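Asks: Dropping in start-v1.pdb, with PDB, C-alpha atoms, pLDDT in the B column.
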ATOM      1  CA  MET C  84       8.024  -7.405   7.904  1.00 54.00           C
ATOM      2  CA  ASP C  85       7.359  -9.208  11.122  1.00 55.00           C
ATOM      3  CA  ALA C  86       6.892 -12.939  10.880  1.00 50.00           C
ATOM      4  CA  PRO C  87       3.890 -13.503   8.613  1.00 51.00           C
ATOM      5  CA  PRO C  88       1.161 -15.954   9.509  1.00 50.00           C
ATOM      6  CA  THR C  89       2.094 -19.511   8.609  1.00 47.00           C
ATOM      7  CA  ALA C  90      -0.814 -19.870   6.200  1.00 51.00           C
ATOM      8  CA  VAL C  91      -1.993 -16.853   4.238  1.00 54.00           C
ATOM      9  CA  THR C  92      -5.239 -17.189   2.396  1.00 56.00           C
ATOM     10  CA  VAL C  93      -6.117 -14.528  -0.125  1.00 56.00           C
ATOM     11  CA  SER C  94      -9.876 -14.346  -0.353  1.00 70.00           C
ATOM     12  CA  ARG C  95     -10.453 -11.226  -2.467  1.00 88.00           C
ATOM     13  CA  THR C  96      -8.250  -8.944  -4.533  1.00 93.00           C
ATOM     14  CA  LEU C  97      -8.537  -5.641  -6.346  1.00 93.00           C
ATOM     15  CA  ALA C  98      -5.759  -5.119  -8.904  1.00 94.00           C
ATOM     16  CA  GLN C  99      -5.644  -2.016 -11.060  1.00 95.00           C
ATOM     17  CA  ARG C 100      -3.022  -0.336 -13.221  1.00 94.00           C
ATOM     18  CA  LEU C 101      -3.183   3.436 -13.057  1.00 94.00           C
ATOM     19  CA  SER C 102      -1.443   6.271 -14.864  1.00 92.00           C
ATOM     20  CA  ALA C 103       1.635   7.519 -13.030  1.00 92.00           C
ATOM     21  CA  THR C 104       0.098  10.961 -12.526  1.00 93.00           C
ATOM     22  CA  PRO C 105      -1.337  12.822  -9.526  1.00 93.00           C
ATOM     23  CA  ARG C 106      -4.791  11.957 -10.863  1.00 96.00           C
ATOM     24  CA  GLY C 107      -3.868   8.253 -10.919  1.00 95.00           C
ATOM     25  CA  ALA C 108      -2.656   8.490  -7.311  1.00 95.00           C
ATOM     26  CA  ARG C 109      -5.944  10.100  -6.192  1.00 96.00           C
ATOM     27  CA  LEU C 110      -7.935   7.472  -8.075  1.00 97.00           C
ATOM     28  CA  ALA C 111      -5.969   4.696  -6.335  1.00 97.00           C
ATOM     29  CA  ARG C 112      -7.122   5.938  -2.924  1.00 97.00           C
ATOM     30  CA  HIS C 113     -10.741   6.259  -4.064  1.00 97.00           C
ATOM     31  CA  LEU C 114     -10.724   2.765  -5.593  1.00 97.00           C
ATOM     32  CA  ALA C 115      -9.258   1.177  -2.453  1.00 97.00           C
ATOM     33  CA  VAL C 116     -11.802   2.825  -0.152  1.00 96.00           C
ATOM     34  CA  ALA C 117     -14.724   1.984  -2.441  1.00 95.00           C
ATOM     35  CA  GLN C 118     -13.578  -1.644  -2.635  1.00 95.00           C
ATOM     36  CA  LEU C 119     -13.325  -1.992   1.155  1.00 95.00           C
ATOM     37  CA  HIS C 120     -16.855  -0.581   1.485  1.00 94.00           C
ATOM     38  CA  ALA C 121     -18.070  -3.054  -1.149  1.00 93.00           C
ATOM     39  CA  TRP C 122     -16.456  -5.985   0.669  1.00 91.00           C
ATOM     40  CA  GLY C 123     -18.115  -4.832   3.909  1.00 89.00           C
ATOM     41  CA  GLY C 124     -17.822  -6.542   7.289  1.00 84.00           C
ATOM     42  CA  PRO C 125     -14.627  -5.940   9.265  1.00 81.00           C
ATOM     43  CA  PHE C 126     -12.943  -4.657   6.093  1.00 80.00           C
ATOM     44  CA  ALA C 127     -15.266  -1.652   6.148  1.00 83.00           C
ATOM     45  CA  ALA C 128     -14.512  -0.719   9.758  1.00 89.00           C
ATOM     46  CA  ALA C 129     -13.746   3.001   9.957  1.00 91.00           C
ATOM     47  CA  GLU C 130     -10.352   2.327  11.570  1.00 93.00           C
ATOM     48  CA  VAL C 131      -9.299  -0.012   8.756  1.00 94.00           C
ATOM     49  CA  ILE C 132     -10.593   2.258   5.992  1.00 95.00           C
ATOM     50  CA  ASP C 133      -8.856   5.308   7.480  1.00 96.00           C
ATOM     51  CA  LYS C 134      -5.514   3.522   7.719  1.00 97.00           C
ATOM     52  CA  VAL C 135      -5.735   1.916   4.280  1.00 97.00           C
ATOM     53  CA  SER C 136      -6.808   5.228   2.730  1.00 97.00           C
ATOM     54  CA  VAL C 137      -3.743   7.068   4.037  1.00 97.00           C
ATOM     55  CA  ILE C 138      -1.379   4.191   3.207  1.00 97.00           C
ATOM     56  CA  VAL C 139      -2.645   3.941  -0.387  1.00 98.00           C
ATOM     57  CA  ALA C 140      -2.511   7.725  -0.802  1.00 97.00           C
ATOM     58  CA  GLU C 141       1.096   7.915   0.398  1.00 95.00           C
ATOM     59  CA  LEU C 142       2.365   4.878  -1.520  1.00 96.00           C
ATOM     60  CA  ALA C 143       0.619   5.947  -4.729  1.00 96.00           C
ATOM     61  CA  ALA C 144       1.964   9.492  -4.382  1.00 94.00           C
ATOM     62  CA  ASN C 145       5.465   8.063  -3.883  1.00 91.00           C
ATOM     63  CA  ALA C 146       5.093   5.840  -6.959  1.00 92.00           C
ATOM     64  CA  VAL C 147       4.022   8.825  -9.039  1.00 92.00           C
ATOM     65  CA  THR C 148       6.631  11.206  -7.624  1.00 87.00           C
ATOM     66  CA  HIS C 149       9.686   9.018  -7.028  1.00 80.00           C
ATOM     67  CA  GLY C 150       9.044   5.855  -9.070  1.00 77.00           C
ATOM     68  CA  ARG C 151       7.673   7.257 -12.285  1.00 78.00           C
ATOM     69  CA  VAL C 152       9.026   6.156 -15.639  1.00 78.00           C
ATOM     70  CA  PRO C 153       7.472   8.145 -18.528  1.00 78.00           C
ATOM     71  CA  GLY C 154       4.926   6.070 -20.393  1.00 76.00           C
ATOM     72  CA  ARG C 155       4.604   3.409 -17.686  1.00 83.00           C
ATOM     73  CA  ASP C 156       1.814   2.920 -15.176  1.00 89.00           C
ATOM     74  CA  PHE C 157       1.924   1.918 -11.540  1.00 93.00           C
ATOM     75  CA  GLU C 158      -0.143  -0.887 -10.070  1.00 94.00           C
ATOM     76  CA  LEU C 159      -2.373  -0.899  -7.004  1.00 97.00           C
ATOM     77  CA  ARG C 160      -3.296  -4.208  -5.440  1.00 97.00           C
ATOM     78  CA  VAL C 161      -5.548  -4.490  -2.371  1.00 97.00           C
ATOM     79  CA  SER C 162      -6.054  -8.005  -1.018  1.00 96.00           C
ATOM     80  CA  LEU C 163      -7.871  -9.525   1.879  1.00 92.00           C
ATOM     81  CA  VAL C 164      -5.507 -11.991   3.483  1.00 90.00           C
ATOM     82  CA  THR C 165      -5.925 -13.924   6.698  1.00 87.00           C
ATOM     83  CA  GLY C 166      -6.639 -11.348   9.393  1.00 90.00           C
ATOM     84  CA  SER C 167      -5.541  -8.260   7.466  1.00 94.00           C
ATOM     85  CA  VAL C 168      -5.848  -6.012   4.440  1.00 96.00           C
ATOM     86  CA  ARG C 169      -2.727  -6.021   2.255  1.00 97.00           C
ATOM     87  CA  VAL C 170      -1.876  -3.018   0.106  1.00 97.00           C
ATOM     88  CA  GLU C 171       0.745  -3.289  -2.632  1.00 97.00           C
ATOM     89  CA  VAL C 172       1.877  -0.455  -4.874  1.00 96.00           C
ATOM     90  CA  THR C 173       4.289  -1.359  -7.663  1.00 92.00           C
ATOM     91  CA  ASP C 174       6.188   1.113  -9.811  1.00 90.00           C
ATOM     92  CA  THR C 175       8.648   0.538 -12.635  1.00 85.00           C
ATOM     93  CA  LEU C 176      11.736   2.383 -11.359  1.00 78.00           C
ATOM     94  CA  ALA C 177      13.998  -0.150  -9.670  1.00 74.00           C
ATOM     95  CA  GLU C 178      16.915   2.237  -9.125  1.00 74.00           C
ATOM     96  CA  ARG C 179      15.250   4.409  -6.471  1.00 74.00           C
ATOM     97  CA  ARG C 180      14.326   2.375  -3.401  1.00 74.00           C
ATOM     98  CA  PRO C 181      12.682   3.826  -0.331  1.00 74.00           C
ATOM     99  CA  PRO C 182      14.279   3.249   3.066  1.00 70.00           C
ATOM    100  CA  ALA C 183      13.438   0.007   4.821  1.00 72.00           C
ATOM    101  CA  PRO C 184      11.002  -0.216   7.734  1.00 78.00           C
ATOM    102  CA  GLY C 185      12.614   0.963  10.938  1.00 76.00           C
ATOM    103  CA  VAL C 186      15.066   3.181   9.015  1.00 72.00           C
ATOM    104  CA  VAL C 187      12.528   5.820   7.956  1.00 72.00           C
ATOM    105  CA  ARG C 188      13.245   9.248   9.386  1.00 71.00           C
ATOM    106  CA  PRO C 189      10.832  12.173   9.361  1.00 69.00           C
ATOM    107  CA  GLY C 190      11.693  15.107   7.152  1.00 66.00           C
ATOM    108  CA  GLY C 191      12.702  18.424   8.631  1.00 64.00           C
ATOM    109  CA  PRO C 192      10.130  21.126   9.378  1.00 64.00           C
ATOM    110  CA  LEU C 193      10.996  23.055   6.203  1.00 59.00           C
ATOM    111  CA  ASP C 194      11.308  20.048   3.888  1.00 58.00           C
ATOM    112  CA  ASP C 195       8.779  19.700   1.066  1.00 58.00           C
ATOM    113  CA  GLY C 196       8.448  15.948   1.559  1.00 59.00           C
ATOM    114  CA  GLY C 197       9.661  13.064   3.639  1.00 59.00           C
ATOM    115  CA  ARG C 198       6.542  12.352   5.633  1.00 71.00           C
ATOM    116  CA  GLY C 199       4.754   9.734   3.516  1.00 78.00           C
ATOM    117  CA  LEU C 200       6.699   6.675   4.643  1.00 87.00           C
ATOM    118  CA  VAL C 201       6.656   7.976   8.225  1.00 87.00           C
ATOM    119  CA  LEU C 202       2.863   7.745   8.026  1.00 91.00           C
ATOM    120  CA  VAL C 203       3.004   4.288   6.442  1.00 93.00           C
ATOM    121  CA  ASP C 204       5.412   3.172   9.178  1.00 92.00           C
ATOM    122  CA  ALA C 205       3.048   4.495  11.859  1.00 92.00           C
ATOM    123  CA  LEU C 206      -0.211   3.147  10.416  1.00 95.00           C
ATOM    124  CA  ALA C 207       0.745  -0.221   8.936  1.00 95.00           C
ATOM    125  CA  ASP C 208       1.132  -3.216  11.202  1.00 95.00           C
ATOM    126  CA  ARG C 209       3.816  -4.518   8.804  1.00 95.00           C
ATOM    127  CA  TRP C 210       5.415  -3.237   5.637  1.00 94.00           C
ATOM    128  CA  GLU C 211       8.325  -4.027   3.357  1.00 93.00           C
ATOM    129  CA  VAL C 212       9.954  -3.149   0.044  1.00 91.00           C
ATOM    130  CA  LEU C 213      10.240  -5.944  -2.527  1.00 90.00           C
ATOM    131  CA  SER C 214      12.264  -5.979  -5.742  1.00 85.00           C
ATOM    132  CA  ARG C 215      10.621  -6.983  -8.965  1.00 76.00           C
ATOM    133  CA  ASP C 216      13.448  -8.651 -10.827  1.00 69.00           C
ATOM    134  CA  CYS C 217      11.901  -9.236 -14.227  1.00 66.00           C
ATOM    135  CA  ALA C 218      14.012  -8.207 -17.210  1.00 59.00           C
ATOM    136  CA  ASP C 219      10.959  -6.981 -19.126  1.00 65.00           C
ATOM    137  CA  ALA C 220       9.289  -5.352 -16.103  1.00 72.00           C
ATOM    138  CA  PRO C 221      11.783  -3.988 -13.575  1.00 77.00           C
ATOM    139  CA  GLY C 222      10.607  -2.126 -10.517  1.00 85.00           C
ATOM    140  CA  LYS C 223       9.730  -2.457  -6.885  1.00 90.00           C
ATOM    141  CA  THR C 224       6.695  -3.102  -4.732  1.00 92.00           C
ATOM    142  CA  VAL C 225       5.952  -1.548  -1.385  1.00 94.00           C
ATOM    143  CA  ARG C 226       3.677  -3.881   0.574  1.00 96.00           C
ATOM    144  CA  ALA C 227       1.863  -2.842   3.748  1.00 97.00           C
ATOM    145  CA  GLU C 228      -0.641  -4.701   5.897  1.00 97.00           C
ATOM    146  CA  VAL C 229      -3.314  -3.433   8.263  1.00 96.00           C
ATOM    147  CA  ASP C 230      -4.622  -5.985  10.727  1.00 95.00           C
ATOM    148  CA  LEU C 231      -8.372  -6.297  11.096  1.00 92.00           C
ATOM    149  CA  PRO C 232      -9.891  -5.416  14.456  1.00 85.00           C
ATOM    150  CA  PHE C 233     -10.544  -8.487  16.540  1.00 72.00           C
ATOM    151  CA  ARG C 234     -14.081  -8.689  17.870  1.00 54.00           C
ATOM    152  CA  ARG C 235     -15.259 -11.373  20.219  1.00 45.00           C
ATOM    153  CA  ARG C 236     -18.633 -12.877  19.734  1.00 46.00           C
ATOM    154  CA  PRO C 237     -21.001 -12.420  22.676  1.00 49.00           C
TER     155      PRO C 237
END
For the file at hand, write its structure as structure tokens.
Replies:
Amino acid sequence: MDAPPTAVTVSRTLAQRLSATPRGARLARHLAVAQLHAWGGPFAAAEVIDKVSVIVAELAANAVTHGRVPGRDFELRVSLVTGSVRVEVTDTLAERRPPAPGVVRPGGPLDDGGRGLVLVDALADRWEVLSRDCADAPGKTVRAEVDLPFRRRP
């Protein structure tokens, strides 16, 4: 990630564990969008909602497809931090890590996949992959942030 702000204040958070199924991935996107609408203000700007919606959809689909461990859920966390919306998707498969930001390459024209992280890379202002090094809960988190639009007061 690029250098984060020196002081990050989390003002609101949605955290939800979801089944590691296609249905759980779809529900993650719906929950994130509904929460941004509920928070309102700059968080409900169409540009922010569109970006967050795609990012959550792609990260949740990746967690379900590439990070699934039978019988374990994935976690969605959407937070409002200073000047941005932070999306975190955590799965329980530590062995398979996605490529790092800046290393993501688009899939070929006939490939079945390989476009999700390309979209995340294009839409997120910052993103990173974090290890979750707990013995009882291994896994990884992909964190992405979308900056809020700056509007000057008249």
Asks: Of the residues C:Ala146, C:Ile132, C:Ala121, C:Glu228, which is the one nearest to Ser162 in chain C, using all atoms listed in the file?
Replies: C:Glu228
Asks: Which residue, C:Arg209, C:Lys134, C:His149, C:His120, has the smallest gap to Thr104 in chain C when you use all atoms listed in the file?
Replies: C:His149
Asks: For each of C:Val186, C:Leu231, C:Leu163, C:Leu119, take the minimum atom-to-atom distance to Asp208 in chain C, counting all atoms listed in the file, then give the residue where this is smallest.
Replies: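 Of the candidates, the smallest distance to Asp208 in chain C is held by C:Leu231.
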Asks: Might you pull out every residue within 10 Å of range 197-201 of chain C, with all atoms listed in the file counted and same-chain residues fewer than 6 positions away left off, and present them as a VMD selection string?
Replies: chain C and resid 137 to 138 140 to 145 181 to 191
Asks: Give me a file of those residues, with C-alpha atoms, as an mmCIF file, keeping the file's coordinate frame.
Replies:
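So the final result, stored in out23.cif, reads:
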data_model
loop_
_atom_site.group_PDB
_atom_site.id
_atom_site.type_symbol
_atom_site.label_atom_id
_atom_site.label_comp_id
_atom_site.auth_asym_id
_atom_site.auth_seq_id
_atom_site.Cartn_x
_atom_site.Cartn_y
_atom_site.Cartn_z
ATOM 1 C CA VAL C 137 -3.743 7.068 4.037
ATOM 2 C CA ILE C 138 -1.379 4.191 3.207
ATOM 3 C CA ALA C 140 -2.511 7.725 -0.802
ATOM 4 C CA GLU C 141 1.096 7.915 0.398
ATOM 5 C CA LEU C 142 2.365 4.878 -1.520
ATOM 6 C CA ALA C 143 0.619 5.947 -4.729
ATOM 7 C CA ALA C 144 1.964 9.492 -4.382
ATOM 8 C CA ASN C 145 5.465 8.063 -3.883
ATOM 9 C CA PRO C 181 12.682 3.826 -0.331
ATOM 10 C CA PRO C 182 14.279 3.249 3.066
ATOM 11 C CA ALA C 183 13.438 0.007 4.821
ATOM 12 C CA PRO C 184 11.002 -0.216 7.734
ATOM 13 C CA GLY C 185 12.614 0.963 10.938
ATOM 14 C CA VAL C 186 15.066 3.181 9.015
ATOM 15 C CA VAL C 187 12.528 5.820 7.956
ATOM 16 C CA ARG C 188 13.245 9.248 9.386
ATOM 17 C CA PRO C 189 10.832 12.173 9.361
ATOM 18 C CA GLY C 190 11.693 15.107 7.152
ATOM 19 C CA GLY C 191 12.702 18.424 8.631
#
Asks: List as a PyMOL selection string: which residues have an atom within 12 Å of (-1.4, -1.9, 7.2), counting all atoms listed in the file?
Replies: chain C and resi 84+126+130-139+142+161-164+166-171+202-211+225-232
Asks: Work out how far CA of Val212 in chain C is from CA of Arg179 in chain C, in Å to one decimal.
Replies: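 Answer for the CA of Arg179 in chain C to CA of Val212 in chain C separation: 11.3 Å.
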Asks: For this structure, which residues satisfy the selection - the PyMOL selection byres ((chain C and resi 154-160) around 7) - when it is evaluated on the file as given? I want them as a PyMOL selection string.
Replies: chain C and resi 96-103+111+146+152-153+161-162+170-175
Asks: So how many Å separate CA of Arg95 in chain C and CA of Gly123 in chain C, to one decimal?
Replies: 11.8 Å
Asks: May I ask which of the residues C:Ala115, C:Ala129, C:Leu176, C:Ala220 is the closest one to Val147 in chain C, counting only C-alpha atoms?
Replies: C:Leu176
Asks: Go ahead and compute the interatomic distance for CA of Ala108 in chain C and CA of Arg180 in chain C, in Å to one decimal.
Replies: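 One can read the CA of Ala108 in chain C to CA of Arg180 in chain C distance as 18.5 Å.
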Asks: For range 127-133 of chain C, I'd like the enclosing box, axis-aligned and padded by 3 Å on every side, reported as AutoDock Vina command-line options with centre and edge lengths in Å to one decimal.
Replies:
--center_x -12.1 --center_y 1.8 --center_z 8.8 --size_x 12.4 --size_y 13.0 --size_z 11.6
Asks: Using only C-alpha atoms, can you tell me which of C:Thr148, C:Gln118, C:Thr224, C:Ser94 comes closest to Arg106 in chain C?
Replies: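 Among C:Thr148, C:Gln118, C:Thr224, C:Ser94, it is C:Thr148 that comes nearest to Arg106 in chain C.
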